[in-house]
$ cat final15.pdb   # PDB, C-alpha atoms and all ligand atoms
ATOM      1  CA  MET A   1       0.000   0.000   0.000  1.00  0.00           C
ATOM      2  CA  LYS A   2       1.177   3.507  -0.826  1.00  0.00           C
ATOM      3  CA  LYS A   3       1.969   5.259   2.437  1.00  0.00           C
ATOM      4  CA  ALA A   4      -0.959   7.453   3.571  1.00  0.00           C
ATOM      5  CA  GLU A   5       0.113  11.072   3.813  1.00  0.00           C
ATOM      6  CA  TYR A   6      -1.731  14.246   4.612  1.00  0.00           C
ATOM      7  CA  LYS A   7      -3.928  15.660   1.857  1.00  0.00           C
ATOM      8  CA  SER A   8      -6.312  18.570   2.271  1.00  0.00           C
ATOM      9  CA  PRO A   9     -10.048  18.064   1.646  1.00  0.00           C
ATOM     10  CA  GLU A  10      -9.676  20.197  -1.520  1.00  0.00           C
ATOM     11  CA  GLU A  11      -6.929  17.902  -2.830  1.00  0.00           C
ATOM     12  CA  LEU A  12      -8.852  14.763  -1.868  1.00  0.00           C
ATOM     13  CA  LYS A  13     -11.977  16.043  -3.606  1.00  0.00           C
ATOM     14  CA  LEU A  14     -10.003  16.579  -6.827  1.00  0.00           C
ATOM     15  CA  LEU A  15      -8.380  13.130  -6.635  1.00  0.00           C
ATOM     16  CA  THR A  16     -11.689  11.436  -5.807  1.00  0.00           C
ATOM     17  CA  ASP A  17     -13.368  13.236  -8.717  1.00  0.00           C
ATOM     18  CA  LYS A  18     -10.584  12.163 -11.049  1.00  0.00           C
ATOM     19  CA  ASN A  19     -11.065   8.485 -10.077  1.00  0.00           C
ATOM     20  CA  ARG A  20     -14.825   8.676  -9.584  1.00  0.00           C
ATOM     21  CA  GLN A  21     -15.822   6.531 -12.545  1.00  0.00           C
ATOM     22  CA  GLU A  22     -13.156   3.907 -11.923  1.00  0.00           C
ATOM     23  CA  THR A  23     -13.928   3.705  -8.176  1.00  0.00           C
ATOM     24  CA  GLY A  24     -17.671   3.644  -8.909  1.00  0.00           C
ATOM     25  CA  ALA A  25     -17.233   0.679 -11.278  1.00  0.00           C
ATOM     26  CA  PHE A  26     -15.014  -1.073  -8.702  1.00  0.00           C
ATOM     27  CA  ILE A  27     -17.665  -0.603  -5.991  1.00  0.00           C
ATOM     28  CA  LYS A  28     -20.340  -1.973  -8.306  1.00  0.00           C
ATOM     29  CA  LYS A  29     -18.196  -5.063  -8.861  1.00  0.00           C
ATOM     30  CA  LEU A  30     -17.578  -5.521  -5.116  1.00  0.00           C
ATOM     31  CA  LYS A  31     -21.300  -5.293  -4.369  1.00  0.00           C
ATOM     32  CA  LYS A  32     -22.014  -7.960  -6.978  1.00  0.00           C
ATOM     33  CA  LYS A  33     -19.171 -10.321  -6.093  1.00  0.00           C
ATOM     34  CA  LYS A  34     -19.074  -9.719  -2.309  1.00  0.00           C
ATOM     35  CA  PRO A  35     -15.518 -11.113  -2.002  1.00  0.00           C
ATOM     36  CA  LYS A  36     -15.117 -13.207   1.164  1.00  0.00           C
ATOM     37  CA  ASN A  37     -11.759 -11.595   1.946  1.00  0.00           C
ATOM     38  CA  LEU A  38     -13.013  -7.983   1.645  1.00  0.00           C
ATOM     39  CA  ASP A  39     -13.147  -7.265   5.396  1.00  0.00           C
ATOM     40  CA  ASP A  40      -9.738  -8.878   5.981  1.00  0.00           C
ATOM     41  CA  GLU A  41      -8.154  -6.858   3.168  1.00  0.00           C
ATOM     42  CA  VAL A  42      -9.727  -3.573   4.316  1.00  0.00           C
ATOM     43  CA  HIS A  43      -8.793  -4.141   7.972  1.00  0.00           C
ATOM     44  CA  SER A  44      -5.234  -4.976   7.053  1.00  0.00           C
ATOM     45  CA  LEU A  45      -4.950  -1.814   4.890  1.00  0.00           C
ATOM     46  CA  HIS A  46      -6.498   0.231   7.720  1.00  0.00           C
ATOM     47  CA  HIS A  47      -3.900  -1.005  10.228  1.00  0.00           C
ATOM     48  CA  GLU A  48      -1.067  -0.570   7.768  1.00  0.00           C
ATOM     49  CA  ALA A  49      -2.115   3.028   7.053  1.00  0.00           C
ATOM     50  CA  PHE A  50      -2.526   4.041  10.691  1.00  0.00           C
ATOM     51  CA  GLU A  51       0.808   2.486  11.656  1.00  0.00           C
ATOM     52  CA  SER A  52       2.595   5.273   9.825  1.00  0.00           C
ATOM     53  CA  PHE A  53      -0.005   8.047   9.762  1.00  0.00           C
ATOM     54  CA  SER A  54      -1.372   9.956  12.724  1.00  0.00           C
ATOM     55  CA  CYS A  55      -4.778  11.632  12.828  1.00  0.00           C
ATOM     56  CA  LEU A  56      -3.052  14.442  14.734  1.00  0.00           C
ATOM     57  CA  ASP A  57      -1.414  15.418  11.430  1.00  0.00           C
ATOM     58  CA  CYS A  58      -4.797  15.652   9.742  1.00  0.00           C
ATOM     59  CA  ALA A  59      -8.101  16.247  11.616  1.00  0.00           C
ATOM     60  CA  ASN A  60      -9.905  16.758   8.296  1.00  0.00           C
ATOM     61  CA  CYS A  61     -12.951  14.943   9.691  1.00  0.00           C
ATOM     62  CA  CYS A  62     -13.105  17.134  12.823  1.00  0.00           C
ATOM     63  CA  LYS A  63     -12.692  20.250  10.684  1.00  0.00           C
ATOM     64  CA  THR A  64     -15.135  19.538   7.885  1.00  0.00           C
ATOM     65  CA  ILE A  65     -17.805  16.965   8.791  1.00  0.00           C
ATOM     66  CA  GLY A  66     -19.925  16.890  11.913  1.00  0.00           C
ATOM     67  CA  PRO A  67     -20.638  13.614  13.741  1.00  0.00           C
ATOM     68  CA  ARG A  68     -24.248  12.706  14.470  1.00  0.00           C
ATOM     69  CA  LEU A  69     -24.777  12.877  18.240  1.00  0.00           C
ATOM     70  CA  THR A  70     -27.023  10.473  20.146  1.00  0.00           C
ATOM     71  CA  ASP A  71     -28.688  11.265  23.486  1.00  0.00           C
ATOM     72  CA  LYS A  72     -26.078   9.014  25.119  1.00  0.00           C
ATOM     73  CA  ASP A  73     -23.273  11.029  23.463  1.00  0.00           C
ATOM     74  CA  ILE A  74     -24.800  14.288  24.732  1.00  0.00           C
ATOM     75  CA  ASP A  75     -25.021  12.957  28.309  1.00  0.00           C
ATOM     76  CA  ARG A  76     -21.433  11.665  28.242  1.00  0.00           C
ATOM     77  CA  LEU A  77     -20.044  14.885  26.758  1.00  0.00           C
ATOM     78  CA  ALA A  78     -21.975  17.007  29.281  1.00  0.00           C
ATOM     79  CA  LYS A  79     -20.608  14.926  32.151  1.00  0.00           C
ATOM     80  CA  HIS A  80     -17.064  15.271  30.774  1.00  0.00           C
ATOM     81  CA  LEU A  81     -17.459  19.046  30.533  1.00  0.00           C
ATOM     82  CA  LYS A  82     -19.243  19.227  33.917  1.00  0.00           C
ATOM     83  CA  MET A  83     -22.255  20.837  32.264  1.00  0.00           C
ATOM     84  CA  LYS A  84     -25.956  20.068  32.237  1.00  0.00           C
ATOM     85  CA  PRO A  85     -27.000  18.305  28.995  1.00  0.00           C
ATOM     86  CA  SER A  86     -29.452  21.191  28.348  1.00  0.00           C
ATOM     87  CA  ALA A  87     -26.598  23.726  28.595  1.00  0.00           C
ATOM     88  CA  LEU A  88     -24.417  21.642  26.244  1.00  0.00           C
ATOM     89  CA  LEU A  89     -27.279  21.442  23.742  1.00  0.00           C
ATOM     90  CA  GLU A  90     -27.768  25.185  23.908  1.00  0.00           C
ATOM     91  CA  GLN A  91     -24.114  26.092  23.589  1.00  0.00           C
ATOM     92  CA  TYR A  92     -22.676  23.532  21.171  1.00  0.00           C
ATOM     93  CA  VAL A  93     -25.422  21.592  19.382  1.00  0.00           C
ATOM     94  CA  LYS A  94     -27.942  22.222  16.617  1.00  0.00           C
ATOM     95  CA  THR A  95     -30.425  20.070  14.716  1.00  0.00           C
ATOM     96  CA  ASP A  96     -29.503  19.365  11.096  1.00  0.00           C
ATOM     97  CA  GLU A  97     -31.788  19.217   8.052  1.00  0.00           C
ATOM     98  CA  VAL A  98     -32.835  15.611   8.805  1.00  0.00           C
ATOM     99  CA  GLY A  99     -33.469  16.277  12.505  1.00  0.00           C
ATOM    100  CA  ASP A 100     -30.247  14.810  13.931  1.00  0.00           C
ATOM    101  CA  PHE A 101     -28.178  16.487  16.646  1.00  0.00           C
ATOM    102  CA  VAL A 102     -24.813  17.768  15.346  1.00  0.00           C
ATOM    103  CA  PHE A 103     -22.242  20.275  16.618  1.00  0.00           C
ATOM    104  CA  ASN A 104     -23.166  23.856  15.741  1.00  0.00           C
ATOM    105  CA  SER A 105     -19.795  24.784  14.241  1.00  0.00           C
ATOM    106  CA  ARG A 106     -17.098  23.413  11.957  1.00  0.00           C
ATOM    107  CA  PRO A 107     -14.306  22.895  12.834  1.00  0.00           C
ATOM    108  CA  CYS A 108     -15.757  21.045  15.798  1.00  0.00           C
ATOM    109  CA  PRO A 109     -15.908  23.274  18.923  1.00  0.00           C
ATOM    110  CA  PHE A 110     -13.777  20.713  20.799  1.00  0.00           C
ATOM    111  CA  LEU A 111     -10.903  20.604  18.326  1.00  0.00           C
ATOM    112  CA  LEU A 112      -7.785  22.365  19.618  1.00  0.00           C
ATOM    113  CA  PRO A 113      -5.311  24.212  17.339  1.00  0.00           C
ATOM    114  CA  ASP A 114      -2.826  21.294  17.635  1.00  0.00           C
ATOM    115  CA  ASN A 115      -5.570  18.866  16.452  1.00  0.00           C
ATOM    116  CA  TYR A 116      -6.069  17.304  19.898  1.00  0.00           C
ATOM    117  CA  CYS A 117      -9.664  16.737  20.993  1.00  0.00           C
ATOM    118  CA  VAL A 118     -10.783  18.281  24.311  1.00  0.00           C
ATOM    119  CA  VAL A 119     -13.266  15.469  24.940  1.00  0.00           C
ATOM    120  CA  TYR A 120     -11.256  12.604  23.392  1.00  0.00           C
ATOM    121  CA  GLU A 121     -11.974   9.927  26.040  1.00  0.00           C
ATOM    122  CA  ASN A 122     -15.674  10.742  25.905  1.00  0.00           C
ATOM    123  CA  ARG A 123     -16.065  11.656  22.224  1.00  0.00           C
ATOM    124  CA  SER A 124     -19.189  10.506  20.418  1.00  0.00           C
ATOM    125  CA  LYS A 125     -19.687   7.026  19.002  1.00  0.00           C
ATOM    126  CA  ALA A 126     -19.545   8.442  15.463  1.00  0.00           C
ATOM    127  CA  CYS A 127     -16.205  10.122  16.222  1.00  0.00           C
ATOM    128  CA  ARG A 128     -14.811   6.846  17.585  1.00  0.00           C
ATOM    129  CA  GLU A 129     -15.966   4.815  14.615  1.00  0.00           C
ATOM    130  CA  TYR A 130     -14.805   7.160  11.832  1.00  0.00           C
ATOM    131  CA  PRO A 131     -13.452   6.399   9.179  1.00  0.00           C
ATOM    132  CA  HIS A 132     -15.125   2.932   9.459  1.00  0.00           C
ATOM    133  CA  THR A 133     -12.329   1.059   7.651  1.00  0.00           C
ATOM    134  CA  ASN A 134     -11.992  -1.336  10.611  1.00  0.00           C
ATOM    135  CA  ARG A 135     -15.652  -2.287  10.866  1.00  0.00           C
ATOM    136  CA  LYS A 136     -17.245  -5.571   9.844  1.00  0.00           C
ATOM    137  CA  ARG A 137     -19.268  -5.974   6.631  1.00  0.00           C
ATOM    138  CA  PHE A 138     -17.471  -3.179   4.799  1.00  0.00           C
ATOM    139  CA  VAL A 139     -19.529  -4.145   1.735  1.00  0.00           C
ATOM    140  CA  GLN A 140     -22.495  -2.384   3.380  1.00  0.00           C
ATOM    141  CA  ILE A 141     -20.768   0.996   3.529  1.00  0.00           C
ATOM    142  CA  LEU A 142     -19.046   1.158   0.149  1.00  0.00           C
ATOM    143  CA  ASN A 143     -20.938   4.245  -1.045  1.00  0.00           C
ATOM    144  CA  LEU A 144     -20.448   6.073   2.250  1.00  0.00           C
ATOM    145  CA  SER A 145     -16.743   5.197   2.156  1.00  0.00           C
ATOM    146  CA  HIS A 146     -16.463   6.446  -1.424  1.00  0.00           C
ATOM    147  CA  LYS A 147     -17.841   9.766  -0.127  1.00  0.00           C
ATOM    148  CA  ASN A 148     -15.336   9.636   2.767  1.00  0.00           C
ATOM    149  CA  CYS A 149     -12.475   9.521   0.220  1.00  0.00           C
ATOM    150  CA  GLU A 150     -13.113  13.263  -0.139  1.00  0.00           C
ATOM    151  CA  THR A 151     -12.294  13.830   3.540  1.00  0.00           C
ATOM    152  CA  CYS A 152     -10.025  11.095   4.822  1.00  0.00           C
ATOM    153  CA  PRO A 153      -6.611  10.402   3.248  1.00  0.00           C
ATOM    154  CA  VAL A 154      -6.618   6.904   4.758  1.00  0.00           C
ATOM    155  CA  VAL A 155      -9.932   5.929   3.158  1.00  0.00           C
ATOM    156  CA  TYR A 156      -8.670   7.299  -0.150  1.00  0.00           C
ATOM    157  CA  GLU A 157      -5.510   5.144   0.014  1.00  0.00           C
ATOM    158  CA  VAL A 158      -7.473   2.089   1.182  1.00  0.00           C
ATOM    159  CA  PHE A 159      -9.628   2.295  -1.949  1.00  0.00           C
ATOM    160  CA  GLU A 160      -6.654   2.847  -4.247  1.00  0.00           C
ATOM    161  CA  SER A 161      -4.886  -0.204  -2.758  1.00  0.00           C
ATOM    162  CA  LEU A 162      -8.010  -2.349  -2.769  1.00  0.00           C
ATOM    163  CA  LYS A 163      -8.353  -1.848  -6.497  1.00  0.00           C
ATOM    164  CA  LYS A 164      -4.967  -3.543  -6.829  1.00  0.00           C
ATOM    165  CA  THR A 165      -5.423  -6.309  -4.227  1.00  0.00           C
ATOM    166  CA  ILE A 166      -8.958  -7.295  -5.309  1.00  0.00           C
ATOM    167  CA  PRO A 167      -8.757  -6.888  -9.096  1.00  0.00           C
TER     168      PRO A 167
HETATM  169  S1  LIG B 201      -9.881   9.669  10.564  1.00  0.00           S
HETATM  170 FE1  LIG B 201      -9.123  10.241   8.542  1.00  0.00          FE
HETATM  171  S2  LIG B 201      -9.868  12.347   8.204  1.00  0.00           S
HETATM  172 FE2  LIG B 201     -10.023  11.917  10.367  1.00  0.00          FE
HETATM  173  S3  LIG B 201      -8.126  12.686  11.228  1.00  0.00           S
HETATM  174 FE3  LIG B 201      -7.808  10.509  10.857  1.00  0.00          FE
HETATM  175  S4  LIG B 201      -6.903  10.400   8.839  1.00  0.00           S
HETATM  176 FE4  LIG B 201      -7.793  12.452   9.045  1.00  0.00          FE
HETATM  177  S1  LIG B 202     -15.513  15.632  19.412  1.00  0.00           S
HETATM  178 FE1  LIG B 202     -13.313  15.406  19.131  1.00  0.00          FE
HETATM  179  S2  LIG B 202     -13.081  13.650  17.740  1.00  0.00           S
HETATM  180 FE2  LIG B 202     -15.212  14.376  17.571  1.00  0.00          FE
HETATM  181  S3  LIG B 202     -15.261  15.858  15.886  1.00  0.00           S
HETATM  182 FE3  LIG B 202     -14.893  17.009  17.770  1.00  0.00          FE
HETATM  183  S4  LIG B 202     -12.668  17.196  17.934  1.00  0.00           S
HETATM  184 FE4  LIG B 202     -13.102  15.546  16.473  1.00  0.00          FE
END

$ encode --input "final15.pdb" --output "structure tokens" --more "lines below"
Ligand code: SF4
Ligand code: SF4
Amino acid sequence: MKKAEYKSPEELKLLTDKNRQETGAFIKKLKKKKPKNLDDEVHSLHHEAFESFSCLDCANCCKTIGPRLTDKDIDRLAKHLKMKPSALLEQYVKTDEVGDFVFNSRPCPFLLPDNYCVVYENRSKACREYPHTNRKRFVQILNLSHKNCETCPVVYEVFESLKKTIP
């Protein structure tokens, strides 16, 4: 796998656009064939990428996309910040166009200038699970992951390598 290195969202959008047709056709093939080794390949590429690349050198996701927040996330974050959930909702959260709770600003209000997260140990489930390249049944999130190529340099490299390992 080509070593993952930092790319800005603008750069990733251009690269993803350039490969859009090819990646789209590859995804179509994966959905049809459902290769048995897909999860193993993706997990191995995920670990390989994060062995040499640190999210602290990136934070694209924290800067440009907002995680969906559950009631549990709100309670945990409020406890971490020693606030009442109602105060946290008022200060940091809004409802998006589909009615989900999300942070009211981007970059995320809890992202520090050095890319550390103020609430790291108690960050939301969506924050912990992003970019989803280590989850099971990757075949179910191929379209979402294609979209994530525009934000996450690791997801972009995982797709580029997958095209070679699962021809
Ligand atoms: S998960 Fe991806 S987009 Fe987010 S900080 Fe890490 S490498 Fe960057
Ligand atoms: S809560 Fe932390 S991990 Fe989640 S988006 Fe904000 S800064 Fe990033």

$ residues_near_ligand --input "final15.pdb" --ligand "ligand LIG 201 (chain B)" --cutoff "8 Å" --atoms "all atoms listed in the file" --output "mmCIF file with C-alpha atoms, in the coordinates of the input"
data_model
loop_
_atom_site.group_PDB
_atom_site.id
_atom_site.type_symbol
_atom_site.label_atom_id
_atom_site.label_comp_id
_atom_site.auth_asym_id
_atom_site.auth_seq_id
_atom_site.Cartn_x
_atom_site.Cartn_y
_atom_site.Cartn_z
ATOM 1 C CA TYR A 6 -1.731 14.246 4.612
ATOM 2 C CA PHE A 50 -2.526 4.041 10.691
ATOM 3 C CA PHE A 53 -0.005 8.047 9.762
ATOM 4 C CA SER A 54 -1.372 9.956 12.724
ATOM 5 C CA CYS A 55 -4.778 11.632 12.828
ATOM 6 C CA LEU A 56 -3.052 14.442 14.734
ATOM 7 C CA ASP A 57 -1.414 15.418 11.430
ATOM 8 C CA CYS A 58 -4.797 15.652 9.742
ATOM 9 C CA ALA A 59 -8.101 16.247 11.616
ATOM 10 C CA ASN A 60 -9.905 16.758 8.296
ATOM 11 C CA CYS A 61 -12.951 14.943 9.691
ATOM 12 C CA CYS A 62 -13.105 17.134 12.823
ATOM 13 C CA TYR A 130 -14.805 7.160 11.832
ATOM 14 C CA PRO A 131 -13.452 6.399 9.179
ATOM 15 C CA THR A 151 -12.294 13.830 3.540
ATOM 16 C CA CYS A 152 -10.025 11.095 4.822
ATOM 17 C CA PRO A 153 -6.611 10.402 3.248
ATOM 18 C CA VAL A 154 -6.618 6.904 4.758
ATOM 19 C CA VAL A 155 -9.932 5.929 3.158
#

$ resolve_selection --input "final15.pdb" --expression "the PyMOL selection byres (((not hetatm)) within 9 of (chain B and resi 202))" --output "NGL selection string"
:A and (59-67 or 77 or 103 or 106-112 or 115-128 or 130)

$ residues_near_point --input "final15.pdb" --point "(-12.8, -5.0, 8.4)" --cutoff "12 Å" --atoms "only C-alpha atoms" --output "PyMOL selection string"
chain A and resi 36-47+131-141+158

$ atom_distance --input "final15.pdb" --atom1 "atom CA of Asn104 of chain A" --atom2 "atom CA of Leu89 of chain A"
9.3 Å

$ atom_distance --input "final15.pdb" --atom1 "atom CA of Lys163 of chain A" --atom2 "atom CA of Phe26 of chain A"
7.1 Å

$ closest_residue --input "final15.pdb" --among "A:Gly24, A:Pro9, A:Pro167, A:Pro85" --to "Leu142 of chain A" --atoms "all atoms listed in the file"
A:Gly24
